[in-house]
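Participant: I'd like to ask some things about the structure below.
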Amino acid sequence: MALYLQDKHPLREGMEYVRFAEDHGFEAVWQAESRLVREATVPMAAFAAVTERIRIGSGVVNNWTRNAGLMAATFSTLDDLAPGRIMLGIGAWWDPLASKVGIRRTKPLQAMREYVEVVRRLLAMERVSFHGQFVDVDDIELDIVHGDRSPKKVPIYIGATGMKMMELAGEIGDGVVLNYMVSPAYNRQALEALGEGAARAGRSVEDIDRPQLVVCSLDQDREVALDRARELLTQYLGQQPHIMKASGVDPRLIEEIGKVMTWPAGPEEIRRAMKLVPDEAVQMISASGTPDECRAKVREYVEAGCTCPILYPLGDDVRAMIEAFGPVTAEPATTGGEVTVR
């Protein structure tokens with residue numbers, strides 16, 4: 001299990017949650033950087049400074065606003081703070097946010113391919129010249145003078161939602177961060193695309209780590225839990241086109257939500273749009289409800305190919321959610337090489 005944090009809680013509070021998750025056997029924490037609210041790398045450093053074992057990932061930073069050299073230097077610095085525990089999750093960002101800050105996201109697959117290649121080579125402590133369409137560097141390296149110059153063990157995960165980006169993740173990524181607000185059925189299509197990409201690189205889908213964001217709204221009061229998730233679901237269905245397309249939610253519902261909401265949406269718009277979203281849609285694409293309902297839904301994502309659920313807690317009692325899912329043990333199944341998650 002892993003923990004996902006966005007911006008709901010003060011940063012120092014988040015640091016305590018990460019320590020609590022580590023104490024309860026969680027494997028990793030992933031810090032979001034999605035809206036213009038909280039960037040990822042400062043919280044990652046804070047989490048690294050107060051923990052000893054748990055892995056720390058960006059879930060996800062984008063490949064447009066930091067040049068490849070700066071990104072490699074940033075994650076090399078984080079690795080210096082927590083050697084072997086840092087993971088670089090990179091995504092292609094989304095519109096309309098990107099266009100509103102002057103980014104023109106043309107040819108996102110080519111841009112991602114170039115970016116990952118250069119960042120990976122820099123983290124391997126190579127001296128790099130690369131003249132691509134989107135990444136153009138000339139004779140650069142991580143010029144560490146007073147420190148360890150050995151290659152940095154920072155795996156690169158691609159945050160993918162669409163199937164073309166999923167194929168690219170299978171071809172060039174150490175792993176893929178599967179998105180949230182999708183149903184377990186989406187994973188089966190995603191794994192097919194990952195497998196196609198992996199085959200181009202002479203490997204299989206099993207060679208690719210597949211953590212997945214899962215919205216988790218847990219409460220003993222089922223209705224309270226569902227309403228929390230409904231609010232977040234409404235925002236995403238109304239504002240992020242790639243989530244809309246992948247969610248599996250009835251397009252007619254998404255169209256109705258779009259008539260009520262714009263980006264950025266105010267509280268009143270969100271509340272009006274929430275009334276359109278039924279319980280069935282909430283539970284189809286999130287782990288929401290009582291603790292037993294949440295655990296059952298997370299199992300569905302694991303059975304559909306997720307290697308590590310990254311739980312995004314919506315309730316105020318984050319510790320209760322962590323306790324509901326930890327500790328987690330894995331035992332060999334009776335057949336094959338699979339594991340049973342408990």
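Labeling convention for the structure tokens: chains A, B, ... as they appear, residues from 1 per chain, ligands from 1 in order of appearance.
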Give me the residues within 6 Å of region 55-70 of chain A as a PyMOL selection string, counting only C-alpha atoms and dropping any in the same chain fewer than 5 places off.
Facilitator: chain A and resi 28-33+85-93+119
Participant: Restricting the output to C-alpha atoms, write the selected residues as a PDB file, in the first residue's frame.
Facilitator:
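Printed below is selection22.pdb as written:
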```
ATOM      1  CA  ALA A  28       5.497   4.521  -0.378  1.00  0.00           C
ATOM      2  CA  VAL A  29       4.077   8.016  -0.357  1.00  0.00           C
ATOM      3  CA  TRP A  30       3.388   9.965  -3.548  1.00  0.00           C
ATOM      4  CA  GLN A  31       3.009  13.752  -3.529  1.00  0.00           C
ATOM      5  CA  ALA A  32       0.747  15.397  -6.092  1.00  0.00           C
ATOM      6  CA  GLU A  33       1.546  18.361  -8.287  1.00  0.00           C
ATOM      7  CA  ARG A  85      14.055   5.927  -1.825  1.00  0.00           C
ATOM      8  CA  ILE A  86      13.144   8.564  -4.425  1.00  0.00           C
ATOM      9  CA  MET A  87      10.909   7.918  -7.452  1.00  0.00           C
ATOM     10  CA  LEU A  88      10.389  10.356 -10.314  1.00  0.00           C
ATOM     11  CA  GLY A  89       6.839  10.332 -11.627  1.00  0.00           C
ATOM     12  CA  ILE A  90       6.413  12.469 -14.765  1.00  0.00           C
ATOM     13  CA  GLY A  91       3.167  13.315 -16.537  1.00  0.00           C
ATOM     14  CA  ALA A  92       2.184  15.267 -19.650  1.00  0.00           C
ATOM     15  CA  TRP A  93       0.067  17.786 -17.675  1.00  0.00           C
ATOM     16  CA  VAL A 119      16.732  12.942 -17.598  1.00  0.00           C
TER      17      VAL A 119
END
```
Participant: Go through region 206-232 of chain A residue by residue and, counting only C-alpha atoms, keep those with an atom at most 12 Å from region 150-158 of chain A; for each kept residue give the shortest atom pair and its distance in Å to one decimal, ordered by chain and increasing number, as JSON lines.
Facilitator:
```
{"residue": "A:Ile208", "atom": "CA", "partner": "A:Tyr157", "partner_atom": "CA", "distance": 9.3}
{"residue": "A:Asp209", "atom": "CA", "partner": "A:Tyr157", "partner_atom": "CA", "distance": 8.3}
{"residue": "A:Arg210", "atom": "CA", "partner": "A:Tyr157", "partner_atom": "CA", "distance": 8.9}
{"residue": "A:Pro211", "atom": "CA", "partner": "A:Tyr157", "partner_atom": "CA", "distance": 9.3}
{"residue": "A:Gln212", "atom": "CA", "partner": "A:Tyr157", "partner_atom": "CA", "distance": 11.3}
```
Participant: Grab the residues selected above and save them as a PDB file, in the first residue's frame with N, CA and C atoms.
Facilitator:
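What landed in part.pdb:
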```pdb
ATOM      1  N   ILE A 208       7.196  -4.097 -15.616  1.00  0.00           N
ATOM      2  CA  ILE A 208       6.857  -2.695 -15.374  1.00  0.00           C
ATOM      3  C   ILE A 208       6.064  -2.581 -14.078  1.00  0.00           C
ATOM      4  N   ASP A 209       6.557  -1.774 -13.147  1.00  0.00           N
ATOM      5  CA  ASP A 209       5.827  -1.530 -11.908  1.00  0.00           C
ATOM      6  C   ASP A 209       4.569  -0.727 -12.228  1.00  0.00           C
ATOM      7  N   ARG A 210       3.454  -1.033 -11.534  1.00  0.00           N
ATOM      8  CA  ARG A 210       2.170  -0.440 -11.893  1.00  0.00           C
ATOM      9  C   ARG A 210       1.406   0.067 -10.664  1.00  0.00           C
ATOM     10  N   PRO A 211       1.966   1.001  -9.900  1.00  0.00           N
ATOM     11  CA  PRO A 211       1.195   1.596  -8.810  1.00  0.00           C
ATOM     12  C   PRO A 211       0.017   2.379  -9.373  1.00  0.00           C
ATOM     13  N   GLN A 212      -1.043   2.497  -8.583  1.00  0.00           N
ATOM     14  CA  GLN A 212      -2.239   3.175  -9.085  1.00  0.00           C
ATOM     15  C   GLN A 212      -2.862   4.056  -8.019  1.00  0.00           C
TER      16      GLN A 212
END
```
Participant: Applying 12 Å and only C-alpha atoms, which residues near Thr106 (chain A) remain after dropping the ones on its own chain fewer than 3 positions away? List them as a PyMOL selection string.
Facilitator: chain A and resi 64+92-95+98-99+103+109-112+133-134
Participant: Just want the 8 Å neighbourhood of Ala72 (chain A), counted on only C-alpha atoms, with same-chain residues fewer than 5 positions away dropped. Output as a PDB file with C-alpha atoms, in the first residue's frame.
Facilitator:
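File produced: selection-v6.pdb:
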```pdb
ATOM      1  CA  VAL A 119      16.732  12.942 -17.598  1.00  0.00           C
ATOM      2  CA  ARG A 120      17.574   9.247 -17.300  1.00  0.00           C
ATOM      3  CA  LEU A 122      21.774  12.639 -16.619  1.00  0.00           C
ATOM      4  CA  LEU A 123      20.773  10.663 -13.521  1.00  0.00           C
ATOM      5  CA  LEU A 142      25.234  16.677 -13.165  1.00  0.00           C
TER       6      LEU A 142
END
```
Participant: How many Å lie between CA of Ala287 (chain A) and CA of Arg272 (chain A), rounded to one decimal?
Facilitator: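 Answer for the CA of Ala287 (chain A) to CA of Arg272 (chain A) separation: 23.0 Å.
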